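Enquirer: Below is a structure I'd like to ask you about.
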Amino acid sequence: MVVTLGEIAVRFGCELRGDPQHEVDSVGTLSDAHPRAVTFLAESRHRTAMAQTRAAAVVMAARFAAECPVAALITTNPRATYARIASYLYPAAPVVAGIDPSAIVAAEARIDPAAHIGAFAVIGPRSRIGAGALIGPHCVIGADVMVGAQVRLLARVTLCDGVAVGERSILHPGVVVGSDGFGFAPDGAAWLKVPQVGGVRIGADVEIGANTTIDRGAIGDTVLADGVKLDNQIQIGHNVRVGAHTAIAGCTGVSGSTVIGERCQIGGACAIGGHLLITDDVHITGFSMISHSIPKPGVYSSGIPFEEARTWRRMVARFKRLGLKDREQAGHESKDD
Amino acid sequence: MVVTLGEIAVRFGCELRGDPQHEVDSVGTLSDAHPRAVTFLAESRHRTAMAQTRAAAVVMAARFAAECPVAALITTNPRATYARIASYLYPAAPVVAGIDPSAIVAAEARIDPAAHIGAFAVIGPRSRIGAGALIGPHCVIGADVMVGAQVRLLARVTLCDGVAVGERSILHPGVVVGSDGFGFAPDGAAWLKVPQVGGVRIGADVEIGANTTIDRGAIGDTVLADGVKLDNQIQIGHNVRVGAHTAIAGCTGVSGSTVIGERCQIGGACAIGGHLLITDDVHITGFSMISHSIPKPGVYSSGIPFEEARTWRRMVARFKRLGLKDREQAGHESKDD
Amino acid sequence: MVVTLGEIAVRFGCELRGDPQHEVDSVGTLSDAHPRAVTFLAESRHRTAMAQTRAAAVVMAARFAAECPVAALITTNPRATYARIASYLYPAAPVVAGIDPSAIVAAEARIDPAAHIGAFAVIGPRSRIGAGALIGPHCVIGADVMVGAQVRLLARVTLCDGVAVGERSILHPGVVVGSDGFGFAPDGAAWLKVPQVGGVRIGADVEIGANTTIDRGAIGDTVLADGVKLDNQIQIGHNVRVGAHTAIAGCTGVSGSTVIGERCQIGGACAIGGHLLITDDVHITGFSMISHSIPKPGVYSSGIPFEEARTWRRMVARFKRLGLKDREQAGHESKDD
């Protein structure tokens, strides 16, 4: 896609300081962008990189414009404006309507004529695929599944029986939605499987990263509300509910029946316990252990940054002596402390 | 499935306090169950929810029966009895014998006539699939694999060459069993691959969650004993052995050659080192780092619950000063501490 | 493969102390090896096991040879020599040239005649598969992908559009390379997707474990250099660069734009933040939180080993009081500490 800076300024509501006839066709970073590429400045610490940029134009806030050696596209939200420009320059491949001859579609399934069903996809009975939806190669869709309009299951996504996915959501390769939750009742020395009879409801505009897994409810549904963004390799337990526009970074696990509010931001590699209530607008930094509910918005952490191994071992030894000291002090106290 | 409370009481050995002719067809939670649903009370803190329930009946221990506003199904193990009732009300779909025409089955494979082989499944030479086994769509089964009777590989499960899975085990989508372990020998600056020539033996009544991975042994086998339950996204390294009826929650990793005993319960997101010996009946709470062996049954923990970020930073700063203090005190001590 | 100890000694440059006519056909551990198996001694603590071994021969350093009750194959690097001998005894199955009739290969793709394309594989337009490459069953390869000679995608590997994989690399089942990075710009209460327009370049002799995910770059490429070894269930964020011969153990996540040097060794279950610079020859022990750059080679740790739960709770309580004490001492200090 080739477009002039003037056209970009008009289309995305920027003030342009530079040549409106200059053509661009791509995006780049401040340091790597070539003279037909757009880049952006979102943090003031990157101004030194901007001083050297060879980009066609930099999307930026007005206050840095005087320092820009090339054209400036001035906006109040440079990241969002950059995202819109990049989406315009790199449009998603159009969905080619039709069912690949290798796909296996149950007779009772309803596929919108404007949907694409890819190679070796399997669609179960009574499932419905909406207009403009892309069911990529090797997707496995069970029975009674609802896939909304313009959803993209990019490849090798598994939706188990009864799962619903809202419009425009994007699921990356290897995602599994609706597998059984981890529910077992002790029965003597063994475990008895507790049937997982709930479903999974995924809202509109949700994105789910590669190899993330979302369990079906034990009773009632597991729910991701509209606009939720999940990174790769996240595990969502049965009956979890995640509120609208909450974003969770990779490798985080959420145990069963926990409810997470709206607009939360949860870092990577967190371990979030079960049956908790995390309110709206909570930020959790990466590698945190969340073992009780969070009733108040704010920023929360656990996780201790590394040290050189020798120093670290000394810190741990002191930490452990803290416990021992207490034990000594505790003396003859109750066993049941 | 529609059934009367009287029939349930007889079939599952409960004492019924209520109308034996009342019909039920489903399960629900204490708060959401409708008048044709069975629910259960397993923890005394849910008694307030029970007081409001509209369920047909509550499975429960005798001591709470007086407080139950609806029919009570009295039993000594409410969770297990609930699990049995739910399994009865929601029977697993019967396995339809036969091989899907799209599947590719090696000539030398032996498929029991009562097994089901799903769409696009691939079964390698000399592999054997037992009676009543379900090989779901898109499963890839290598050579010389043994799948026991009534096993369910739900969809998109990979069993590499030589893997054995015991009767009635359930493997969820995305599971990989028998990939190479992480074995490399340093050779100058580079790594030399150590061939992974062992296998994987999975016992009977094992359940393995979505996208969990289990490596084959380097020499000798990786083993999951009967009744082991693994949640989603668990990583089991080469030559690990997990004892009967041990349950491990999601996102936990177990490094190579570690032996875990019977009836252990291991929380989610734990990191378990290699070459350890963990005895029977060990409980490990979630997000624990297990870096040495555990010779004694009991409950073990690491992982520090979160705080507000500002408070947390202060705690970490103090923790780190612990190490520094020691260093100062250590003074002229040996470098090799 | 049957071979004499004499032939092994010559082929792998060992000094043999024992019968050169003795035939071997397999490998084993010191304790389990049978009289036709080769084993090895790499750590002196295994000498007691060696004293009992029934193996045909033990690969070992000269200094332990006097204690060996069977034939000794003496070498300066027993692990590497063992790896070479095992590779010789258990050669990888030869790649059978040809395209499975069930595979779907785009007309514009270029498949080397000496490559193998497995059952139900899908190869997109303009992708190139090199000589001797193995594309296993159920692999999904997008458009414009480059797969080098002798690469092995064992089964069910997804390579998204534009990914390049260098010669002899091995990717295990469930690997996803080139899915979108986690890039979103806040836009009011919602998130706007930032197009991920970079690629992924994987060098030669790389190995990637089961269900590991590697995101494509946001702008520019994500890069794994030659000889990198990644274990299972690792997550590599967009624009990460991993230097040559670095090895990372299972379940570790690396956030976007972090650069890791050459010859690093990173333990399992680590959480590595974004936009960091980790220099060459850094070792990080398992379960560490890496939240800032590491400019100096060395060994680094965080992660506190477990204790009995009661002891642990006491340590945590004391740790938390550390923070409170500080807060008390801080008294009327600035709020913005």
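Identifiers for the structure tokens are assigned positionally: chains receive A, B, ... in sequence, residues are indexed from 1 per chain, and ligands are indexed from 1 in the order shown.
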When you get a sec, could you note down which chain B residues fall within 6 Å of chain A, using only C-alpha atoms, as a ChimeraX atom specification?

Expert: /B:28,79-80,83,87,231,245,305-309,322-323

Enquirer: Hey, what's within 8 Å of A:Val151 if we count only C-alpha atoms and toss same-chain stuff fewer than 5 positions away? As a list in words, please?

Expert: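 The contact residues come out as Gly130, Gly132, Ala133, Leu134, Val165, Gly166, Glu167, Arg168, Ser169 and Ile170 of chain A.
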
Enquirer: For a quick check of understanding, using only C-alpha atoms, which of B:His34, B:Lys229, B:Arg54, B:His46 has the smallest distance to B:Glu262?

Expert: B:Lys229

Enquirer: Take atom CA of B:Asp281 and atom CA of B:Gln265 and report the distance between them in Å, one decimal.

Expert: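 Atom CA of B:Asp281 sits 7.4 Å away from atom CA of B:Gln265.
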